[in-house]
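Asker: This one is data_16.tsv, TSV, C-alpha atoms.
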chain	number	residue	atom	x	y	z
A	1	MET	CA	43.41	-3.58	-26.80
A	2	LYS	CA	41.08	-6.52	-27.25
A	3	ALA	CA	42.19	-10.02	-26.25
A	4	LYS	CA	41.62	-11.24	-29.80
A	5	TYR	CA	44.51	-9.02	-30.89
A	6	ILE	CA	46.85	-10.05	-28.05
A	7	ASN	CA	46.12	-13.79	-27.90
A	8	PRO	CA	47.61	-14.54	-31.35
A	9	PHE	CA	50.96	-13.15	-30.12
A	10	LEU	CA	50.69	-15.01	-26.82
A	11	ASN	CA	49.91	-18.27	-28.64
A	12	ALA	CA	52.72	-17.75	-31.17
A	13	SER	CA	55.17	-17.10	-28.30
A	14	VAL	CA	54.11	-20.25	-26.47
A	15	ASN	CA	54.39	-22.25	-29.69
A	16	LEU	CA	57.88	-20.94	-30.39
A	17	PHE	CA	59.44	-20.90	-26.94
A	18	ARG	CA	57.67	-23.76	-25.18
A	19	ASN	CA	56.60	-26.19	-27.92
A	20	PHE	CA	59.49	-25.69	-30.33
A	21	LEU	CA	62.42	-24.72	-28.10
A	22	GLY	CA	61.22	-26.82	-25.18
A	23	LEU	CA	61.62	-24.06	-22.59
A	24	ASP	CA	59.87	-24.36	-19.27
A	25	LEU	CA	57.83	-21.25	-19.95
A	26	THR	CA	55.38	-19.29	-17.82
A	27	ASN	CA	53.73	-16.08	-18.83
A	28	GLY	CA	52.59	-13.30	-16.55
A	29	LYS	CA	49.47	-11.19	-16.98
A	30	PRO	CA	49.73	-8.80	-19.95
A	31	TYR	CA	49.92	-5.13	-18.94
A	32	ILE	CA	50.10	-1.73	-20.61
A	33	LEU	CA	53.68	-0.53	-21.03
A	34	GLU	CA	53.56	2.95	-19.52
A	35	ASN	CA	57.10	3.94	-20.39
A	36	ALA	CA	57.80	3.05	-24.02
A	37	HIS	CA	61.55	3.06	-23.31
A	38	ASP	CA	61.23	0.50	-20.56
A	39	LEU	CA	62.64	-2.39	-22.57
A	40	ASP	CA	65.67	-4.65	-22.17
A	41	GLU	CA	69.11	-4.33	-23.76
A	42	VAL	CA	68.28	-6.33	-26.86
A	43	SER	CA	65.07	-5.68	-28.76
A	44	ALA	CA	63.97	-7.24	-32.02
A	45	ILE	CA	61.35	-5.23	-33.86
A	46	ILE	CA	59.00	-6.01	-36.67
A	47	GLY	CA	56.52	-3.62	-38.22
A	48	LEU	CA	52.99	-4.56	-39.20
A	49	ALA	CA	51.29	-2.85	-42.13
A	50	GLY	CA	48.36	-3.38	-44.46
A	51	GLU	CA	44.76	-3.16	-43.27
A	52	THR	CA	46.08	-2.00	-39.88
A	53	THR	CA	49.40	-0.80	-38.51
A	54	GLY	CA	51.44	-1.84	-35.54
A	55	ALA	CA	54.68	-3.26	-34.23
A	56	VAL	CA	55.91	-6.25	-32.29
A	57	VAL	CA	59.01	-6.07	-30.12
A	58	LEU	CA	60.70	-9.04	-28.51
A	59	SER	CA	62.97	-7.81	-25.73
A	60	PHE	CA	65.51	-9.51	-23.47
A	61	SER	CA	68.85	-9.09	-21.73
A	62	ARG	CA	72.06	-9.84	-23.63
A	63	THR	CA	72.55	-13.06	-21.67
A	64	THR	CA	69.06	-14.32	-22.39
A	65	ALA	CA	69.36	-13.37	-26.07
A	66	VAL	CA	72.58	-15.37	-26.38
A	67	LYS	CA	71.07	-18.38	-24.59
A	68	ILE	CA	67.84	-18.37	-26.58
A	69	VAL	CA	69.56	-18.09	-29.96
A	70	SER	CA	71.99	-20.87	-28.93
A	71	LYS	CA	69.01	-23.08	-28.18
A	72	PHE	CA	67.22	-22.08	-31.37
A	73	SER	CA	70.17	-22.63	-33.69
A	74	GLY	CA	71.75	-25.61	-31.96
A	75	ARG	CA	75.08	-23.75	-31.72
A	76	LYS	CA	76.71	-22.55	-28.54
A	77	PHE	CA	77.21	-18.79	-28.63
A	78	GLN	CA	79.15	-17.02	-25.87
A	79	ALA	CA	78.48	-13.38	-26.74
A	80	LEU	CA	76.13	-11.12	-28.65
A	81	THR	CA	77.66	-11.71	-32.08
A	82	ASN	CA	76.20	-10.72	-35.45
A	83	GLU	CA	74.80	-14.22	-35.77
A	84	VAL	CA	73.03	-13.93	-32.43
A	85	ILE	CA	71.55	-10.62	-33.56
A	86	ASP	CA	70.48	-12.26	-36.81
A	87	GLY	CA	68.89	-15.09	-34.79
A	88	VAL	CA	67.01	-12.67	-32.55
A	89	GLY	CA	65.59	-11.00	-35.66
A	90	GLU	CA	64.50	-14.37	-36.97
A	91	LEU	CA	62.71	-15.14	-33.68
A	92	VAL	CA	60.56	-12.01	-33.87
A	93	ASN	CA	59.92	-12.74	-37.54
A	94	ILE	CA	58.59	-16.20	-36.63
A	95	LEU	CA	56.53	-14.75	-33.81
A	96	ALA	CA	54.84	-12.12	-35.97
A	97	GLY	CA	54.39	-14.41	-38.98
A	98	ASN	CA	52.83	-17.14	-36.87
A	99	ALA	CA	50.52	-14.67	-35.09
A	100	LYS	CA	49.07	-13.59	-38.45
A	101	LYS	CA	47.32	-16.95	-38.71
A	102	ASP	CA	44.94	-15.95	-35.88
A	103	LEU	CA	44.55	-12.26	-36.65
A	104	LEU	CA	41.44	-12.73	-38.69
A	105	ASP	CA	40.09	-9.16	-38.75
A	106	PHE	CA	42.61	-7.85	-41.24
A	107	ARG	CA	45.23	-8.74	-43.75
A	108	ILE	CA	48.68	-7.78	-42.51
A	109	GLU	CA	52.09	-7.64	-44.11
A	110	ILE	CA	55.11	-7.92	-41.86
A	111	SER	CA	58.28	-5.90	-42.38
A	112	LEU	CA	61.81	-7.19	-42.28
A	113	PRO	CA	62.99	-7.46	-38.68
A	114	GLY	CA	65.41	-5.03	-37.09
A	115	VAL	CA	67.39	-5.47	-33.89
A	116	ILE	CA	68.45	-2.70	-31.49
A	117	THR	CA	70.94	-3.16	-28.68
A	118	GLY	CA	72.00	-0.82	-25.89
A	119	ASN	CA	70.62	0.94	-22.86
A	120	SER	CA	69.03	3.93	-24.50
A	121	TYR	CA	67.03	3.73	-27.69
A	122	LYS	CA	63.71	4.87	-29.03
A	123	ILE	CA	61.20	2.81	-30.93
A	124	ASN	CA	58.71	4.46	-33.25
A	125	TRP	CA	55.55	2.89	-31.93
A	126	PRO	CA	52.22	3.68	-33.65
A	127	LYS	CA	50.82	6.95	-32.28
A	128	ASN	CA	47.96	6.88	-29.73
A	129	VAL	CA	47.87	3.10	-29.57
A	130	PRO	CA	48.65	1.35	-26.27
A	131	ILE	CA	51.60	-1.01	-26.07
A	132	ILE	CA	50.71	-4.30	-24.41
A	133	THR	CA	53.53	-6.20	-22.75
A	134	ILE	CA	53.34	-9.96	-22.21
A	135	PRO	CA	56.04	-10.97	-19.69
A	136	PHE	CA	57.58	-14.45	-19.86
A	137	LYS	CA	59.82	-16.39	-17.49
A	138	SER	CA	61.91	-19.38	-18.46
A	139	GLU	CA	64.87	-21.33	-17.10
A	140	ILE	CA	67.20	-19.35	-19.38
A	141	GLY	CA	65.90	-15.94	-18.48
A	142	GLU	CA	63.02	-13.52	-18.69
A	143	PHE	CA	61.80	-11.71	-21.77
A	144	THR	CA	58.83	-9.70	-22.96
A	145	VAL	CA	56.71	-9.66	-26.10
A	146	ASN	CA	55.38	-6.15	-26.69
A	147	VAL	CA	52.56	-5.52	-29.12
A	148	SER	CA	50.97	-2.34	-30.37
A	149	LEU	CA	48.25	-2.79	-32.93
A	150	LYS	CA	45.53	-0.45	-34.18
A	151	GLU	CA	42.18	-2.16	-33.80
A	152	ALA	CA	39.74	-2.60	-36.67
A	153	GLU	CA	37.19	0.25	-36.88
B	154	MET	CA	56.80	-75.30	-29.43
B	155	GLN	CA	56.02	-71.89	-28.01
B	156	PHE	CA	59.75	-71.32	-27.53
B	157	LEU	CA	60.41	-72.12	-31.22
B	158	LEU	CA	57.70	-69.73	-32.36
B	159	GLN	CA	59.17	-66.96	-30.21
B	160	LEU	CA	62.62	-67.68	-31.63
B	161	ARG	CA	61.32	-67.40	-35.24
B	162	LEU	CA	59.56	-64.17	-34.42
B	163	PHE	CA	62.75	-62.80	-32.89
B	164	GLU	CA	64.75	-63.78	-36.02
B	165	ARG	CA	62.21	-62.08	-38.28
B	166	CYS	CA	62.41	-58.92	-36.21
B	167	GLN	CA	66.19	-58.99	-36.47
B	168	ILE	CA	66.04	-59.35	-40.27
B	169	TRP	CA	63.51	-56.51	-40.53
B	170	ILE	CA	65.67	-54.21	-38.38
B	171	LEU	CA	68.79	-55.07	-40.40
B	172	LYS	CA	67.00	-54.40	-43.70
B	173	LYS	CA	65.72	-51.06	-42.38
B	174	TYR	CA	69.19	-50.13	-41.10
B	175	ASN	CA	70.90	-51.06	-44.35
B	176	LYS	CA	68.35	-49.06	-46.34
B	177	LYS	CA	69.00	-46.06	-44.13
B	178	VAL	CA	72.77	-46.41	-44.50
B	179	SER	CA	72.52	-46.71	-48.27
B	180	MET	CA	70.21	-43.65	-48.43
B	181	LEU	CA	72.74	-41.71	-46.38
B	182	GLU	CA	75.47	-42.49	-48.85
B	183	HIS	CA	73.12	-42.02	-51.78
B	184	TYR	CA	73.33	-38.20	-52.04
B	185	SER	CA	77.13	-38.07	-51.97
B	186	GLN	CA	77.47	-40.49	-54.89
B	187	GLU	CA	78.41	-38.74	-58.11
B	188	ASP	CA	75.29	-39.77	-60.12
B	189	ASN	CA	72.88	-38.71	-57.40
B	190	ARG	CA	74.35	-35.35	-56.52
B	191	MET	CA	71.87	-32.48	-56.53
B	192	LYS	CA	72.27	-28.75	-56.28
B	193	ILE	CA	70.15	-27.15	-53.57
B	194	LEU	CA	69.67	-23.39	-53.42
B	195	ILE	CA	68.91	-22.16	-49.89
B	196	ILE	CA	67.48	-18.64	-49.94
B	197	ASP	CA	66.92	-16.85	-46.65
B	198	ASP	CA	68.05	-13.46	-45.39
B	199	SER	CA	68.85	-14.97	-41.99
B	200	SER	CA	72.30	-16.55	-41.83
B	201	VAL	CA	71.20	-18.59	-38.81
B	202	MET	CA	68.30	-20.08	-40.77
B	203	ARG	CA	70.49	-20.84	-43.80
B	204	ARG	CA	72.97	-22.64	-41.56
B	205	MET	CA	70.16	-24.64	-39.91
B	206	HIS	CA	68.72	-25.70	-43.29
B	207	LYS	CA	72.16	-26.53	-44.60
B	208	ASN	CA	72.89	-28.77	-41.62
B	209	VAL	CA	69.85	-30.88	-42.44
B	210	PHE	CA	71.41	-31.75	-45.81
B	211	ILE	CA	74.94	-32.15	-44.44
B	212	GLU	CA	73.63	-34.68	-41.91
B	213	HIS	CA	72.39	-36.66	-44.90
B	214	LYS	CA	75.81	-36.63	-46.54
B	215	PHE	CA	75.24	-33.88	-49.05
B	216	LYS	CA	78.45	-32.25	-50.14
B	217	GLU	CA	78.96	-28.71	-48.92
B	218	GLU	CA	79.61	-27.48	-52.49
B	219	ASP	CA	76.14	-28.66	-53.60
B	220	LEU	CA	74.46	-26.46	-51.01
B	221	ILE	CA	74.36	-22.93	-52.36
B	222	GLU	CA	73.23	-19.98	-50.25
B	223	ALA	CA	71.67	-16.65	-51.15
B	224	ASP	CA	70.48	-13.97	-48.73
B	225	ASP	CA	67.99	-12.30	-51.06
B	226	GLY	CA	65.91	-13.05	-54.13
B	227	VAL	CA	68.04	-11.01	-56.54
B	228	LYS	CA	71.22	-12.96	-55.79
B	229	ALA	CA	69.28	-16.21	-55.82
B	230	PHE	CA	67.80	-15.45	-59.23
B	231	GLN	CA	71.23	-14.77	-60.68
B	232	ILE	CA	72.56	-18.06	-59.30
B	233	ALA	CA	69.55	-19.94	-60.66
B	234	LYS	CA	70.10	-18.44	-64.11
B	235	ASP	CA	73.81	-19.30	-64.14
B	236	GLN	CA	73.52	-22.84	-62.80
B	237	VAL	CA	71.08	-25.74	-62.77
B	238	ILE	CA	69.34	-26.02	-59.41
B	239	ASP	CA	67.50	-29.22	-58.48
B	240	LEU	CA	65.65	-27.97	-55.40
B	241	PHE	CA	64.88	-24.51	-54.04
B	242	LEU	CA	64.28	-23.68	-50.37
B	243	VAL	CA	62.97	-20.14	-50.24
B	244	ASP	CA	61.92	-17.78	-47.47
B	245	TRP	CA	59.12	-15.27	-48.08
B	246	ASN	CA	60.30	-12.06	-46.40
B	247	MET	CA	63.63	-10.93	-47.81
B	248	PRO	CA	65.11	-7.63	-48.98
B	249	TYR	CA	65.29	-6.49	-52.65
B	250	LEU	CA	63.24	-9.38	-54.08
B	251	ASN	CA	61.06	-11.35	-51.72
B	252	GLY	CA	60.36	-15.07	-51.98
B	253	TYR	CA	56.95	-14.57	-53.57
B	254	GLU	CA	58.32	-12.45	-56.42
B	255	PHE	CA	61.31	-14.76	-56.76
B	256	VAL	CA	59.09	-17.80	-57.29
B	257	LYS	CA	57.09	-15.98	-59.98
B	258	LYS	CA	60.30	-15.11	-61.82
B	259	ILE	CA	61.74	-18.61	-61.49
B	260	ARG	CA	58.60	-20.31	-62.74
B	261	ALA	CA	58.77	-18.16	-65.87
B	262	ILE	CA	62.08	-19.80	-66.79
B	263	GLU	CA	61.51	-22.93	-68.84
B	264	LYS	CA	64.13	-25.10	-67.12
B	265	TYR	CA	62.50	-24.47	-63.72
B	266	GLN	CA	58.86	-25.09	-64.55
B	267	LYS	CA	58.85	-28.42	-62.73
B	268	THR	CA	61.69	-28.01	-60.25
B	269	PRO	CA	60.51	-28.40	-56.62
B	270	ILE	CA	60.30	-25.06	-54.82
B	271	ILE	CA	59.76	-25.37	-51.09
B	272	MET	CA	58.75	-22.21	-49.32
B	273	ILE	CA	59.93	-22.17	-45.69
B	274	THR	CA	58.54	-19.11	-44.00
B	275	SER	CA	57.10	-17.77	-40.77
B	276	GLU	CA	54.09	-16.48	-42.76
B	277	ALA	CA	51.34	-18.68	-41.36
B	278	ALA	CA	48.21	-16.87	-42.59
B	279	LYS	CA	45.96	-18.94	-44.84
B	280	TYR	CA	45.98	-16.27	-47.57
B	281	ASN	CA	49.78	-16.48	-47.77
B	282	VAL	CA	49.67	-20.26	-48.25
B	283	VAL	CA	46.99	-19.99	-50.95
B	284	GLU	CA	48.88	-17.29	-52.84
B	285	ALA	CA	52.14	-19.23	-52.71
B	286	ILE	CA	50.54	-22.39	-54.07
B	287	LYS	CA	48.86	-20.36	-56.85
B	288	ILE	CA	52.19	-19.08	-58.18
B	289	GLY	CA	53.72	-22.55	-58.25
B	290	VAL	CA	55.26	-23.28	-54.86
B	291	THR	CA	55.52	-27.06	-54.53
B	292	ASN	CA	55.25	-27.26	-50.75
B	293	TYR	CA	54.68	-24.66	-48.05
B	294	ILE	CA	56.35	-25.13	-44.68
B	295	VAL	CA	55.74	-22.82	-41.73
B	296	LYS	CA	58.70	-22.03	-39.46
B	297	PRO	CA	59.69	-23.06	-36.89
B	298	ILE	CA	60.25	-26.65	-37.93
B	299	LYS	CA	62.51	-29.28	-36.36
B	300	ALA	CA	65.34	-30.61	-38.50
B	301	ASP	CA	63.99	-34.18	-38.65
B	302	MET	CA	60.53	-32.98	-39.66
B	303	LEU	CA	62.01	-30.78	-42.35
B	304	TRP	CA	63.99	-33.70	-43.75
B	305	GLN	CA	60.86	-35.87	-43.81
B	306	LYS	CA	59.10	-33.23	-45.88
B	307	LEU	CA	62.03	-32.71	-48.25
B	308	GLU	CA	63.05	-36.32	-48.79
B	309	LYS	CA	60.30	-37.15	-51.26
B	310	TYR	CA	61.38	-34.37	-53.62
B	311	LEU	CA	64.94	-35.64	-53.51
B	312	GLU	CA	63.84	-39.21	-54.21
B	313	GLU	CA	61.67	-38.06	-57.12
B	314	LYS	CA	64.64	-36.43	-58.76
B	315	SER	CA	67.03	-39.37	-58.37
Reformat the file's structure so that it appears as structure tokens.
Answerer:
Amino acid sequence: MKAKYINPFLNASVNLFRNFLGLDLTNGKPYILENAHDLDEVSAIIGLAGETTGAVVLSFSRTTAVKIVSKFSGRKFQALTNEVIDGVGELVNILAGNAKKDLLDFRIEISLPGVITGNSYKINWPKNVPIITIPFKSEIGEFTVNVSLKEAE
Amino acid sequence: MQFLLQLRLFERCQIWILKKYNKKVSMLEHYSQEDNRMKILIIDDSSVMRRMHKNVFIEHKFKEEDLIEADDGVKAFQIAKDQVIDLFLVDWNMPYLNGYEFVKKIRAIEKYQKTPIIMITSEAAKYNVVEAIKIGVTNYIVKPIKADMLWQKLEKYLEEKS
């Protein structure tokens, strides 16, 4: 997948987690996710449709999800409550919506976010399109932003 | 002589700070006074976002009962028809009736043709902004936004009304 399709998601992540939430954030080198099930316990998903198709998944451990949503909302959560799940969905919504600004090759509509929790789940990724994982590290835990997007013809 | 000048300057600064402080205090009380009360409809499918928006108003002494919430456009439209809303905060992506369609429906109602509608959404693409403005959105704010920045952007619409 071309950098011009990955960079908007990288930039949106940095804007959200570093600039807005003030996390001490570092990102690793993006890589192809070989095993599509190799995600953390909490995954927020948003579908992309319109002139192309794709999906964005923000994935972290329960602990990191709770900490990030606490920071985002300004409320101290102790467990993965419905509100934390709602907050996680909102984070992926912001990420995908913000990334659209720099995806200039096509017009995209984003779906409503969904959140999956557990140790075994399957995501319906677009067929025959690689999934690119951008790994992030912060003082409140690690997480990944996973993007699969059909390129313009 | 120089000492006197410094003293005068210091006094002036004190007066300026006091005036600013008093203005801020009176503005804080302003929205809870009966004549200045306004009904705000906060429309977002995320309960976390609604709570965050609501807190911005509560910090500025709005009464809880003046801050109405709806988690989709259909419910929001019904509330807007039944009551008189002074300011709308509306998300774009919502189930049943999204923010874009909601704004079109609201603007078709005579009593809401001039009411401020602030769209607060993650949708940052230029075409989204243009389309929202075309259908009558008063201001377009891209999430995420800090509480103090949001207040700065909203305050002028509240002042215009009162």
Asker: Fewer than 6 positions away in the same chain doesn't count, so skip those; otherwise give me all residues within 12 Å of Ile262 (chain B), counting all atoms listed in the file, as a PyMOL selection string.
Answerer: chain B and resi 230+233-234+237+255-256+268
Asker: Each residue of chain B with at least one atom at most 7 Å from chain A should appear once, together with its nearest atom pair and the corresponding distance in Å (one decimal); atoms considered: all atoms listed in the file; ordering: chain, then increasing residue number; output as CSV.
Answerer:
residue,atom,partner,partner_atom,distance
B:Ser199,CA,A:Asp86,CA,6.1
B:Ser200,CA,A:Asp86,CA,6.8
B:Val201,CA,A:Gly87,CA,5.8
B:Met205,CA,A:Ser73,CA,6.5
B:Asn246,CA,A:Leu112,CA,6.6
B:Met247,CA,A:Leu112,CA,6.9
B:Ser275,CA,A:Ile94,CA,4.7
B:Glu276,CA,A:Gly97,CA,4.3
B:Ala277,CA,A:Asn98,CA,5.0
B:Ala278,CA,A:Lys101,CA,4.0
B:Lys279,CA,A:Lys101,CA,6.6
B:Lys296,CA,A:Ile94,CA,6.5
B:Pro297,CA,A:Ile94,CA,7.0
Asker: Find the distance between CA of Ile116 (chain A) and CA of Ala44 (chain A) and write it in Å to one decimal.
Answerer: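 For CA of Ile116 (chain A) relative to CA of Ala44 (chain A), the distance reads 6.4 Å.
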Asker: Take CA of Asp38 (chain A) and CA of Ile123 (chain A) and report the distance between them in Å, one decimal.
Answerer: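 CA of Ile123 (chain A) lies 10.6 Å from CA of Asp38 (chain A).
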Asker: Report, in Å to a single decimal, how far apart CA of Met302 (chain B) and CA of Asp219 (chain B) are.
Answerer: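 About the pair CA of Asp219 (chain B) and CA of Met302 (chain B): they are 21.4 Å apart.
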Asker: Output as JSON the centre and edge lengths (Å, one decimal) of the box along x, y and z of the file that holds every listed atom of region 19-25 of chain A after adding 6 Å on each side.
Answerer:
{"center_x": 59.5, "center_y": -24.0, "center_z": -24.8, "size_x": 17.8, "size_y": 17.6, "size_z": 23.1}
Asker: Give me, as a list in words, all polymer residues having an atom no more than 12 Å from Gly22 (chain A), counting all atoms listed in the file and skipping those fewer than 6 positions away in the same chain.
Answerer: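 That gives Ser13, Val14, Asn15, Leu16, Ile68, Lys71, Phe72, Ser138, Glu139 and Ile140 of chain A; Lys299 of chain B.
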Asker: For the selection just defined, write its residues with C-alpha atoms to a file, as a PDB file, keeping the file's coordinate frame.
Answerer:
ATOM      1  CA  SER A  13      55.170 -17.100 -28.300  1.00  0.00           C
ATOM      2  CA  VAL A  14      54.110 -20.250 -26.470  1.00  0.00           C
ATOM      3  CA  ASN A  15      54.390 -22.250 -29.690  1.00  0.00           C
ATOM      4  CA  LEU A  16      57.880 -20.940 -30.390  1.00  0.00           C
ATOM      5  CA  ILE A  68      67.840 -18.370 -26.580  1.00  0.00           C
ATOM      6  CA  LYS A  71      69.010 -23.080 -28.180  1.00  0.00           C
ATOM      7  CA  PHE A  72      67.220 -22.080 -31.370  1.00  0.00           C
ATOM      8  CA  SER A 138      61.910 -19.380 -18.460  1.00  0.00           C
ATOM      9  CA  GLU A 139      64.870 -21.330 -17.100  1.00  0.00           C
ATOM     10  CA  ILE A 140      67.200 -19.350 -19.380  1.00  0.00           C
TER      11      ILE A 140
ATOM     12  CA  LYS B 299      62.510 -29.280 -36.360  1.00  0.00           C
TER      13      LYS B 299
END
Asker: Excluding same-chain residues fewer than 2 positions from Ile32 (chain A), what lies within 8 Å of it counting only C-alpha atoms, as a list in words?
Answerer: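 Returned residues: Pro30, Glu34, Pro130, Ile131, Ile132 and Thr133 of chain A.
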